[in-house]
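Trainee: Contents of query_16.json (JSON, C-alpha atoms) are given next:
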[["chain", "number", "residue", "atom", "x", "y", "z"],
["A", 1, "MET", "CA", 108.44, 174.22, 99.92],
["A", 2, "LYS", "CA", 110.47, 175.17, 102.96],
["A", 3, "LYS", "CA", 113.97, 173.82, 103.57],
["A", 4, "GLY", "CA", 112.88, 171.94, 106.73],
["A", 5, "GLN", "CA", 110.09, 170.14, 104.84],
["A", 6, "MET", "CA", 112.54, 169.13, 102.11],
["A", 7, "GLU", "CA", 114.95, 167.67, 104.69],
["A", 8, "ILE", "CA", 112.13, 165.63, 106.27],
["A", 9, "ILE", "CA", 111.14, 164.27, 102.85],
["A", 10, "GLY", "CA", 114.83, 163.43, 102.21],
["A", 11, "LEU", "CA", 114.97, 161.60, 105.54],
["A", 12, "PHE", "CA", 111.86, 159.58, 104.61],
["A", 13, "VAL", "CA", 113.38, 158.64, 101.26],
["A", 14, "VAL", "CA", 116.56, 157.45, 103.00],
["A", 15, "ILE", "CA", 114.52, 155.41, 105.53],
["A", 16, "ILE", "CA", 112.44, 153.83, 102.74],
["A", 17, "LEU", "CA", 115.57, 152.96, 100.74],
["A", 18, "LEU", "CA", 117.25, 151.46, 103.83],
["A", 19, "SER", "CA", 114.16, 149.37, 104.69],
["A", 20, "MET", "CA", 113.97, 148.09, 101.12],
["A", 21, "ALA", "CA", 117.66, 147.12, 101.23],
["A", 22, "PHE", "CA", 117.08, 145.40, 104.59],
["A", 23, "LEU", "CA", 114.06, 143.47, 103.25],
["A", 24, "ILE", "CA", 115.97, 142.32, 100.16],
["A", 25, "ALA", "CA", 118.90, 141.19, 102.36],
["A", 26, "LEU", "CA", 116.47, 139.37, 104.66],
["A", 27, "LYS", "CA", 114.92, 137.54, 101.71],
["A", 28, "PHE", "CA", 118.32, 136.16, 100.69],
["A", 29, "ILE", "CA", 119.26, 135.24, 104.26],
["A", 30, "LEU", "CA", 116.01, 133.41, 105.01],
["A", 31, "GLU", "CA", 115.69, 131.72, 101.63],
["A", 32, "GLU", "CA", 115.37, 127.95, 102.11],
["A", 33, "LYS", "CA", 117.82, 125.92, 100.14],
["A", 34, "PRO", "CA", 116.44, 122.77, 98.47],
["A", 35, "SER", "CA", 117.59, 119.69, 100.34],
["A", 36, "GLN", "CA", 119.60, 117.12, 98.40],
["A", 37, "GLU", "CA", 119.61, 114.95, 101.49],
["A", 38, "ASP", "CA", 116.02, 113.72, 101.05],
["A", 39, "ALA", "CA", 116.67, 112.51, 97.50],
["A", 40, "ARG", "CA", 119.88, 110.83, 98.61],
["A", 41, "ASP", "CA", 118.10, 109.13, 101.53],
["A", 42, "SER", "CA", 115.37, 107.65, 99.37],
["A", 43, "ILE", "CA", 117.97, 106.21, 96.95],
["A", 44, "ARG", "CA", 119.95, 104.91, 99.93],
["A", 45, "ALA", "CA", 116.84, 103.28, 101.39],
["A", 46, "GLU", "CA", 115.98, 101.56, 98.12],
["A", 47, "THR", "CA", 119.53, 100.31, 97.59],
["A", 48, "LEU", "CA", 119.68, 99.04, 101.15],
["A", 49, "MET", "CA", 116.45, 97.08, 100.86],
["A", 50, "ASN", "CA", 117.37, 95.52, 97.52],
["A", 51, "THR", "CA", 120.80, 94.55, 98.84],
["A", 52, "LEU", "CA", 119.43, 93.22, 102.11],
["A", 53, "PHE", "CA", 116.79, 90.88, 100.66],
["A", 54, "PHE", "CA", 119.16, 89.18, 98.18],
["A", 55, "THR", "CA", 122.00, 88.59, 100.61],
["A", 56, "HIS", "CA", 123.06, 84.98, 101.17],
["A", 57, "SER", "CA", 122.54, 83.92, 104.78],
["A", 58, "ASP", "CA", 125.52, 81.63, 105.03],
["A", 59, "PHE", "CA", 129.07, 81.13, 103.74],
["A", 60, "SER", "CA", 128.68, 77.35, 103.45],
["A", 61, "GLU", "CA", 128.48, 75.92, 99.94],
["A", 62, "SER", "CA", 125.63, 73.56, 100.82],
["A", 63, "ASN", "CA", 123.28, 76.29, 102.03],
["A", 64, "ASN", "CA", 122.22, 78.60, 99.24],
["A", 65, "ASN", "CA", 119.47, 80.41, 101.16],
["A", 66, "LYS", "CA", 119.04, 84.15, 100.87],
["A", 67, "LEU", "CA", 117.49, 86.43, 103.47],
["A", 68, "ILE", "CA", 114.42, 86.78, 101.25],
["A", 69, "ASP", "CA", 113.86, 82.99, 101.50],
["A", 70, "GLU", "CA", 114.03, 83.19, 105.29],
["A", 71, "ILE", "CA", 111.52, 86.07, 105.31],
["A", 72, "ASN", "CA", 109.14, 84.19, 103.01],
["A", 73, "ARG", "CA", 109.42, 81.07, 105.14],
["A", 74, "CYS", "CA", 108.96, 82.81, 108.48],
["A", 75, "ILE", "CA", 105.87, 84.67, 107.26],
["A", 76, "GLY", "CA", 104.45, 81.40, 105.95],
["A", 77, "GLN", "CA", 105.08, 79.74, 109.31],
["A", 78, "ASN", "CA", 103.93, 82.82, 111.26],
["A", 79, "ASN", "CA", 107.11, 82.80, 113.33],
["A", 80, "CYS", "CA", 109.40, 85.70, 112.50],
["A", 81, "GLY", "CA", 111.11, 86.42, 115.86],
["A", 82, "ASP", "CA", 114.56, 85.16, 114.88],
["A", 83, "VAL", "CA", 114.49, 86.68, 111.40],
["A", 84, "GLN", "CA", 113.39, 90.02, 112.86],
["A", 85, "LEU", "CA", 116.29, 89.97, 115.32],
["A", 86, "LYS", "CA", 118.67, 89.07, 112.53],
["A", 87, "ILE", "CA", 117.47, 91.92, 110.29],
["A", 88, "GLN", "CA", 117.54, 94.36, 113.20],
["A", 89, "ASN", "CA", 121.17, 93.46, 113.96],
["A", 90, "ILE", "CA", 122.13, 93.95, 110.32],
["A", 91, "LEU", "CA", 120.36, 97.30, 110.02],
["A", 92, "ASP", "CA", 121.78, 98.53, 113.33],
["A", 93, "LYS", "CA", 125.27, 97.79, 112.04],
["A", 94, "ILE", "CA", 124.70, 99.53, 108.73],
["A", 95, "LEU", "CA", 122.71, 102.53, 109.92],
["A", 96, "LYS", "CA", 124.64, 102.99, 113.19],
["A", 97, "ASN", "CA", 123.18, 106.14, 114.80],
["A", 98, "GLU", "CA", 120.32, 106.72, 112.35],
["A", 99, "ASN", "CA", 116.71, 106.17, 113.34],
["A", 100, "TYR", "CA", 114.65, 104.00, 111.03],
["A", 101, "TYR", "CA", 111.71, 101.66, 110.79],
["A", 102, "LEU", "CA", 111.02, 98.56, 108.75],
["A", 103, "VAL", "CA", 107.77, 96.64, 108.54],
["A", 104, "ILE", "CA", 107.35, 93.51, 106.43],
["A", 105, "GLY", "CA", 104.33, 91.31, 106.03],
["A", 106, "ASP", "CA", 101.45, 90.12, 103.88],
["A", 107, "ASN", "CA", 99.28, 92.64, 105.69],
["A", 108, "ILE", "CA", 101.08, 95.89, 106.32],
["A", 109, "GLU", "CA", 98.58, 96.89, 109.02],
["A", 110, "ARG", "CA", 99.52, 93.76, 110.98],
["A", 111, "PRO", "CA", 103.09, 93.07, 109.85],
["A", 112, "SER", "CA", 105.05, 89.93, 110.69],
["A", 113, "ILE", "CA", 108.32, 91.85, 111.05],
["A", 114, "GLU", "CA", 108.23, 95.19, 112.79],
["A", 115, "ILE", "CA", 111.40, 97.09, 113.69],
["A", 116, "TYR", "CA", 111.44, 100.64, 115.01],
["A", 117, "ARG", "CA", 114.43, 102.62, 116.21],
["A", 118, "PRO", "CA", 114.30, 104.28, 118.68],
["A", 119, "SER", "CA", 110.59, 103.38, 119.15],
["A", 120, "GLN", "CA", 107.30, 103.33, 117.26],
["A", 121, "GLU", "CA", 106.02, 106.39, 119.15],
["A", 122, "GLU", "CA", 109.14, 108.36, 118.31],
["A", 123, "CYS", "CA", 109.18, 107.30, 114.69],
["A", 124, "ASN", "CA", 105.72, 108.29, 113.54],
["A", 125, "GLU", "CA", 104.85, 110.75, 110.86],
["A", 126, "GLY", "CA", 104.05, 114.11, 112.37],
["A", 127, "SER", "CA", 106.45, 114.00, 115.28],
["A", 128, "LEU", "CA", 109.38, 113.24, 112.99],
["A", 129, "ASP", "CA", 110.21, 113.73, 109.36],
["A", 130, "VAL", "CA", 109.85, 110.28, 107.82],
["A", 131, "ILE", "CA", 111.32, 109.35, 104.45],
["A", 132, "THR", "CA", 109.63, 106.17, 103.35],
["A", 133, "VAL", "CA", 110.24, 103.61, 100.66],
["A", 134, "ASN", "CA", 107.42, 101.22, 99.91],
["A", 135, "GLY", "CA", 107.80, 98.11, 97.86],
["A", 136, "LYS", "CA", 106.95, 94.54, 97.18],
["A", 137, "ILE", "CA", 109.53, 91.98, 98.12],
["A", 138, "PRO", "CA", 110.87, 90.82, 94.78],
["A", 139, "LEU", "CA", 109.90, 87.29, 93.72],
["A", 140, "SER", "CA", 107.07, 87.34, 96.23],
["A", 141, "PHE", "CA", 103.54, 88.27, 95.25],
["A", 142, "LEU", "CA", 102.06, 88.73, 98.69],
["A", 143, "ILE", "CA", 104.74, 90.20, 100.91],
["A", 144, "ILE", "CA", 105.22, 93.94, 101.04],
["A", 145, "TYR", "CA", 107.59, 96.10, 103.03],
["A", 146, "ARG", "CA", 107.84, 99.66, 104.22],
["A", 147, "PHE", "CA", 111.17, 101.15, 105.22],
["A", 148, "GLY", "CA", 111.89, 104.68, 106.33],
["A", 149, "PHE", "CA", 114.41, 106.94, 107.98],
["A", 150, "CYS", "CA", 113.02, 108.88, 110.94],
["A", 151, "LYS", "CA", 114.66, 112.24, 111.32],
["A", 152, "LYS", "CA", 114.16, 114.93, 113.86],
["A", 153, "ILE", "CA", 112.86, 118.09, 112.23],
["B", 1, "MET", "CA", 130.43, 179.24, 114.57],
["B", 2, "LYS", "CA", 129.36, 180.59, 111.21],
["B", 3, "LYS", "CA", 126.46, 179.15, 109.22],
["B", 4, "GLY", "CA", 128.82, 178.02, 106.43],
["B", 5, "GLN", "CA", 130.99, 176.11, 108.92],
["B", 6, "ILE", "CA", 127.91, 174.35, 110.36],
["B", 7, "HIS", "CA", 126.87, 173.27, 106.85],
["B", 8, "PHE", "CA", 130.39, 171.99, 106.19],
["B", 9, "ILE", "CA", 130.47, 169.95, 109.43],
["B", 10, "GLU", "CA", 126.98, 168.61, 108.61],
["B", 11, "THR", "CA", 128.16, 167.41, 105.19],
["B", 12, "ILE", "CA", 131.26, 165.80, 106.76],
["B", 13, "PHE", "CA", 129.04, 163.96, 109.28],
["B", 14, "VAL", "CA", 126.68, 162.75, 106.58],
["B", 15, "LEU", "CA", 129.62, 161.48, 104.54],
["B", 16, "LEU", "CA", 131.16, 159.83, 107.61],
["B", 17, "ILE", "CA", 127.91, 158.01, 108.43],
["B", 18, "LEU", "CA", 127.58, 156.92, 104.78],
["B", 19, "VAL", "CA", 131.14, 155.56, 104.82],
["B", 20, "ILE", "CA", 130.44, 153.70, 108.09],
["B", 21, "ILE", "CA", 127.23, 152.18, 106.62],
["B", 22, "ILE", "CA", 129.07, 151.11, 103.45],
["B", 23, "PHE", "CA", 131.91, 149.67, 105.54],
["B", 24, "ILE", "CA", 129.48, 147.65, 107.71],
["B", 25, "GLY", "CA", 127.75, 146.44, 104.52],
["B", 26, "ILE", "CA", 131.06, 145.29, 103.06],
["B", 27, "ILE", "CA", 131.97, 143.42, 106.27],
["B", 28, "ILE", "CA", 128.55, 141.68, 106.43],
["B", 29, "THR", "CA", 128.74, 140.74, 102.73],
["B", 30, "TYR", "CA", 132.31, 139.44, 103.17],
["B", 31, "PHE", "CA", 131.42, 137.20, 106.12],
["B", 32, "SER", "CA", 128.20, 135.92, 104.55],
["B", 33, "LEU", "CA", 130.01, 135.15, 101.27],
["B", 34, "ASN", "CA", 132.80, 133.48, 103.19],
["B", 35, "ARG", "CA", 130.31, 131.29, 105.10],
["B", 36, "GLU", "CA", 128.43, 130.49, 101.90],
["B", 37, "LEU", "CA", 131.65, 129.47, 100.15],
["B", 38, "SER", "CA", 132.73, 127.14, 102.94],
["B", 39, "GLU", "CA", 129.21, 125.60, 103.00],
["B", 40, "LYS", "CA", 129.38, 125.16, 99.23],
["B", 41, "LYS", "CA", 132.81, 123.56, 99.52],
["B", 42, "GLU", "CA", 131.47, 121.06, 102.04],
["B", 43, "THR", "CA", 128.43, 120.30, 99.86],
["B", 44, "LEU", "CA", 130.63, 119.79, 96.81],
["B", 45, "THR", "CA", 132.97, 117.46, 98.71],
["B", 46, "THR", "CA", 129.95, 115.46, 99.89],
["B", 47, "THR", "CA", 128.43, 115.38, 96.39],
["B", 48, "ASP", "CA", 131.78, 114.32, 94.96],
["B", 49, "ALA", "CA", 132.03, 111.49, 97.50],
["B", 50, "ILE", "CA", 128.40, 110.44, 96.86],
["B", 51, "ILE", "CA", 129.03, 110.31, 93.10],
["B", 52, "LEU", "CA", 132.22, 108.34, 93.75],
["B", 53, "THR", "CA", 130.40, 105.87, 96.02],
["B", 54, "ASP", "CA", 127.87, 105.19, 93.29],
["B", 55, "SER", "CA", 130.41, 105.08, 90.50],
["B", 56, "VAL", "CA", 132.88, 102.80, 92.32],
["B", 57, "ILE", "CA", 130.19, 100.12, 92.56],
["B", 58, "SER", "CA", 129.48, 100.29, 88.84],
["B", 59, "MET", "CA", 133.13, 100.56, 87.75],
["B", 60, "PRO", "CA", 134.20, 97.60, 85.56],
["B", 61, "GLU", "CA", 137.28, 97.34, 87.82],
["B", 62, "PHE", "CA", 135.06, 96.21, 90.72],
["B", 63, "THR", "CA", 131.54, 95.31, 89.64],
["B", 64, "CYS", "CA", 130.55, 91.65, 89.56],
["B", 65, "GLY", "CA", 128.40, 92.16, 86.50],
["B", 66, "LYS", "CA", 125.77, 89.71, 87.75],
["B", 67, "SER", "CA", 123.69, 92.44, 89.32],
["B", 68, "SER", "CA", 123.88, 96.10, 90.16],
["B", 69, "ASN", "CA", 125.32, 97.31, 93.46],
["B", 70, "CYS", "CA", 127.77, 94.45, 93.73],
["B", 71, "ILE", "CA", 131.55, 94.28, 94.15],
["B", 72, "ASP", "CA", 133.59, 91.26, 93.12],
["B", 73, "THR", "CA", 136.26, 90.37, 95.71],
["B", 74, "LEU", "CA", 138.61, 88.85, 93.12],
["B", 75, "LYS", "CA", 138.50, 92.05, 91.09],
["B", 76, "ILE", "CA", 139.61, 93.98, 94.18],
["B", 77, "PHE", "CA", 142.83, 91.93, 94.32],
["B", 78, "ALA", "CA", 143.30, 92.29, 90.56],
["B", 79, "PHE", "CA", 142.91, 96.05, 90.99],
["B", 80, "GLN", "CA", 145.64, 96.07, 93.66],
["B", 81, "GLN", "CA", 147.94, 94.48, 91.05],
["B", 82, "ILE", "CA", 146.98, 97.18, 88.53],
["B", 83, "LEU", "CA", 147.91, 99.85, 91.08],
["B", 84, "GLN", "CA", 151.50, 98.54, 91.18],
["B", 85, "ASP", "CA", 152.02, 100.18, 87.78],
["B", 86, "PRO", "CA", 153.02, 103.85, 88.42],
["B", 87, "ILE", "CA", 151.23, 105.18, 85.31],
["B", 88, "LYS", "CA", 147.97, 103.45, 86.18],
["B", 89, "ARG", "CA", 148.38, 104.45, 89.82],
["B", 90, "LYS", "CA", 148.66, 108.08, 88.71],
["B", 91, "TYR", "CA", 145.51, 107.70, 86.62],
["B", 92, "TYR", "CA", 143.52, 106.35, 89.55],
["B", 93, "SER", "CA", 144.90, 108.95, 91.96],
["B", 94, "THR", "CA", 143.49, 111.61, 89.63],
["B", 95, "LEU", "CA", 140.18, 109.76, 89.55],
["B", 96, "PHE", "CA", 139.80, 109.09, 93.27],
["B", 97, "GLY", "CA", 141.73, 112.04, 94.67],
["B", 98, "LYS", "CA", 142.56, 112.14, 98.36],
["B", 99, "LYS", "CA", 140.27, 109.37, 99.45],
["B", 100, "ARG", "CA", 140.39, 105.94, 101.01],
["B", 101, "ILE", "CA", 137.90, 103.35, 99.80],
["B", 102, "THR", "CA", 137.23, 100.23, 101.86],
["B", 103, "LEU", "CA", 134.64, 97.47, 101.92],
["B", 104, "GLN", "CA", 133.48, 95.61, 105.01],
["B", 105, "ILE", "CA", 131.49, 92.37, 105.23],
["B", 106, "ILE", "CA", 128.51, 92.88, 107.56],
["B", 107, "TYR", "CA", 126.40, 89.77, 107.05],
["B", 108, "PRO", "CA", 126.78, 86.79, 107.40],
["B", 109, "GLU", "CA", 128.69, 87.65, 110.53],
["B", 110, "ILE", "CA", 132.40, 87.04, 110.78],
["B", 111, "ASN", "CA", 133.92, 86.37, 114.18],
["B", 112, "ALA", "CA", 134.81, 89.72, 115.80],
["B", 113, "HIS", "CA", 138.26, 88.27, 116.51],
["B", 114, "PHE", "CA", 139.11, 88.45, 112.79],
["B", 115, "ASP", "CA", 139.27, 92.19, 112.41],
["B", 116, "ARG", "CA", 141.73, 92.46, 109.54],
["B", 117, "PHE", "CA", 142.00, 93.13, 105.80],
["B", 118, "CYS", "CA", 141.50, 90.15, 103.50],
["B", 119, "SER", "CA", 144.21, 88.96, 101.13],
["B", 120, "LEU", "CA", 144.12, 86.60, 98.17],
["B", 121, "ASN", "CA", 145.27, 83.79, 100.52],
["B", 122, "ASP", "CA", 141.89, 83.98, 102.28],
["B", 123, "PHE", "CA", 140.20, 82.84, 99.05],
["B", 124, "HIS", "CA", 142.38, 79.87, 98.09],
["B", 125, "ASP", "CA", 139.85, 77.32, 99.21],
["B", 126, "GLY", "CA", 136.44, 78.99, 99.26],
["B", 127, "PHE", "CA", 136.61, 81.74, 101.88],
["B", 128, "SER", "CA", 138.59, 81.43, 105.11],
["B", 129, "GLN", "CA", 136.13, 83.65, 107.08],
["B", 130, "GLU", "CA", 139.13, 85.00, 108.98],
["B", 131, "CYS", "CA", 138.97, 88.56, 107.67],
["B", 132, "ARG", "CA", 136.28, 91.15, 107.06],
["B", 133, "TYR", "CA", 137.79, 94.21, 105.32],
["B", 134, "PHE", "CA", 138.84, 94.85, 101.75],
["B", 135, "LEU", "CA", 141.05, 97.73, 100.70],
["B", 136, "LEU", "CA", 140.00, 99.12, 97.33],
["B", 137, "TYR", "CA", 142.06, 102.29, 97.32],
["B", 138, "GLY", "CA", 144.36, 104.08, 99.78],
["B", 139, "GLY", "CA", 146.38, 102.87, 102.76],
["B", 140, "GLU", "CA", 145.50, 100.25, 105.36],
["B", 141, "GLU", "CA", 146.05, 102.65, 108.27],
["B", 142, "THR", "CA", 142.97, 104.62, 109.34],
["B", 143, "PRO", "CA", 143.70, 108.17, 108.21],
["B", 144, "ASP", "CA", 142.49, 111.54, 109.52],
["B", 145, "PHE", "CA", 139.42, 112.20, 107.45],
["B", 146, "SER", "CA", 137.09, 115.14, 107.16],
["B", 147, "GLN", "CA", 134.11, 113.18, 105.85],
["B", 148, "LYS", "CA", 133.04, 109.58, 105.80],
["B", 149, "LEU", "CA", 130.35, 108.21, 103.48],
["B", 150, "GLU", "CA", 128.91, 104.74, 103.64],
["B", 151, "SER", "CA", 126.74, 102.78, 101.25],
["B", 152, "SER", "CA", 125.44, 99.24, 101.38],
["B", 153, "ALA", "CA", 126.59, 96.84, 98.65],
["B", 154, "HIS", "CA", 126.80, 93.18, 97.83],
["B", 155, "VAL", "CA", 130.20, 91.55, 98.22],
["B", 156, "TYR", "CA", 130.51, 88.77, 95.69],
["B", 157, "ILE", "CA", 132.69, 85.76, 96.51],
["B", 158, "PRO", "CA", 133.22, 83.94, 93.18],
["B", 159, "SER", "CA", 134.67, 80.76, 94.69],
["B", 160, "LEU", "CA", 131.43, 80.24, 96.65],
["B", 161, "ASP", "CA", 129.18, 81.97, 94.12],
["B", 162, "LYS", "CA", 127.67, 83.94, 97.00],
["B", 163, "ARG", "CA", 126.69, 87.54, 97.49],
["B", 164, "VAL", "CA", 126.98, 88.74, 101.07],
["B", 165, "LEU", "CA", 126.11, 92.09, 102.58],
["B", 166, "GLY", "CA", 128.78, 94.75, 102.94],
["B", 167, "ILE", "CA", 129.37, 98.44, 103.50],
["B", 168, "LEU", "CA", 131.39, 100.46, 101.05],
["B", 169, "THR", "CA", 133.12, 103.31, 102.89],
["B", 170, "ILE", "CA", 134.69, 106.36, 101.34],
["B", 171, "GLU", "CA", 136.79, 108.52, 103.61],
["B", 172, "VAL", "CA", 137.69, 111.96, 102.33],
["B", 173, "LEU", "CA", 141.14, 112.71, 103.67],
["B", 174, "GLN", "CA", 141.92, 116.01, 105.33]]
Please lay out the structure from this file as structure tokens.
Mentor:
Amino acid sequence: MKKGQMEIIGLFVVIILLSMAFLIALKFILEEKPSQEDARDSIRAETLMNTLFFTHSDFSESNNNKLIDEINRCIGQNNCGDVQLKIQNILDKILKNENYYLVIGDNIERPSIEIYRPSQEECNEGSLDVITVNGKIPLSFLIIYRFGFCKKI
Amino acid sequence: MKKGQIHFIETIFVLLILVIIIFIGIIITYFSLNRELSEKKETLTTTDAIILTDSVISMPEFTCGKSSNCIDTLKIFAFQQILQDPIKRKYYSTLFGKKRITLQIIYPEINAHFDRFCSLNDFHDGFSQECRYFLLYGGEETPDFSQKLESSAHVYIPSLDKRVLGILTIEVLQ
């Protein structure tokens, strides 16, 4: 083999080694780290819902109503406007700048309480990453809820 | 120039380029490691605060025992008394570190006018409803903080036997 041919082979070896090193470096750089945030959000959502439903609605000693009683009553009477506003105010205070949705009702397709922030269109699966918690309202056999955080991907 | 000299210069150039490549590699590795370490530090601080948020609620010093995720207001004042003892204060400063822990009543609503920390006097006859904050640990003044974590919790008022909705806030001080 001539000297020139050997140098070209050497050059190829160096290029191959460099490309391999570059590919390995790229793999580490682009590697997706598992998100702890999603797990945290689902725990947060569950805690929030359980806390919310069992909160007393009043400081007075005579009134022992909890928010869950108001929800049950309003669904029974088919008049949930005030309760929805109340829940929305509470959630807005707690979640501040976060986008979320909460639907409650005996029929989840046609819920009695329906809160979306910023809006239903902007908080749908597909356009946004939605972390959802589904559940039955404790002590109630018929009423179910769905709560989720809507996050921009 | 002689052939031997050309070979010598060629070797020097090859070595120089190799040194430059190694040097660039070291710089890239240093900066990426540095960035990774600061990211890890931030993640660990957040994780630490998250763990603390969850553990504060279940600590016997604060929990109301009736249900999970609930803080007893009377226990908060009892804890403030415990903190007067320097030995116990040192113990809790090791446990909580450089953090401020506060609790705020969100619902039922308290008049916005009463934007202050509650004291034991507010609970002499039921609840005065003239305060909204509770200081669990740290100073009353709002400090400079690098991170702030919030979690919803029940605030138990024993004199009324009521659980109201609150936010537990942990501020990690700078």
Trainee: Would you mind reading off the distance between atom CA of B:Arg100 and atom CA of B:Leu136, one decimal, in Å?
Mentor: 7.8 Å
Trainee: Enumerate, in order of chain and increasing residue number, the residues of chain A with an atom no farther than 8 Å from chain B, each with its shortest atom pair and distance in Å to one decimal, counting all atoms listed in the file, as a tab-separated table.
Mentor:
residue	atom	partner	partner_atom	distance
A:Arg44	CA	B:Ser151	CA	7.2
A:Thr47	CA	B:Ser152	CA	7.1
A:Leu48	CA	B:Ser152	CA	5.8
A:Thr51	CA	B:Ala153	CA	6.2
A:Leu52	CA	B:Leu165	CA	6.8
A:Phe54	CA	B:Arg163	CA	7.7
A:Thr55	CA	B:Val164	CA	5.0
A:His56	CA	B:Val164	CA	5.4
A:Ser57	CA	B:Pro108	CA	5.8
A:Asp58	CA	B:Pro108	CA	5.8
A:Phe59	CA	B:Pro108	CA	7.1
A:Ser60	CA	B:Leu160	CA	7.9
A:Glu61	CA	B:Leu160	CA	6.2
A:Asn64	CA	B:Lys162	CA	8.0
A:Ile90	CA	B:Tyr107	CA	6.8
A:Lys93	CA	B:Ile106	CA	7.4
A:Ile94	CA	B:Ile167	CA	7.1
Trainee: Using only C-alpha atoms, determine which residues lie at most 10 Å from stretch 85-87 of chain A, disregarding the query and same-chain residues fewer than 2 positions distant; provide the list as a ChimeraX atom specification.
Mentor: /A:52-53,67,71,80-83,89-93,102,113-115 /B:107-108
Trainee: With all atoms listed in the file as the basis for distance, which of A:Ile8, A:Leu95, A:Ile104, A:Cys150 is at the shortest distance from A:Glu122?
Mentor: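 Nearest to A:Glu122: A:Cys150.
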Trainee: Between atom CA of B:Gln80 and atom CA of B:Gly139, what distance in Å does the model show, to one decimal?
Mentor: 11.4 Å
Trainee: For the atom pair atom CA of B:Ser119 and atom CA of B:Gly97, what is the interatomic distance in Å to one decimal place?
Mentor: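 According to the coordinates, atom CA of B:Ser119 and atom CA of B:Gly97 are separated by 24.1 Å.
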Trainee: Contacts of A:Ile29 at 12 Å or less, counting only C-alpha atoms, minus same-chain residues fewer than 5 places along, as number ranges by chain?
Mentor: A: 22-24; B: 28-29, 32-33, 35-36
Trainee: Fewer than 6 positions away in the same chain doesn't count, so skip those; otherwise give me all residues within 9 Å of stretch 51-66 of chain B, counting all atoms listed in the file, as number ranges by chain.
Mentor: B: 72-76, 78-79, 96, 101, 136, 149-151, 153, 155-156, 158, 168-170
Trainee: Which residues, written as an MDAnalysis selection string, have at least one atom at most 6 Å from B:Val172, with all atoms listed in the file counted and residues fewer than 5 positions away on the same chain left out?
Mentor: chainID B and resid 99 145:147
Trainee: Next, dump the selected residues to file, keeping only C-alpha atoms, as a PDB file, keeping the file's coordinate frame.
Mentor:
ATOM      1  CA  LYS B  99     140.270 109.370  99.450  1.00  0.00           C
ATOM      2  CA  PHE B 145     139.420 112.200 107.450  1.00  0.00           C
ATOM      3  CA  SER B 146     137.090 115.140 107.160  1.00  0.00           C
ATOM      4  CA  GLN B 147     134.110 113.180 105.850  1.00  0.00           C
TER       5      GLN B 147
END
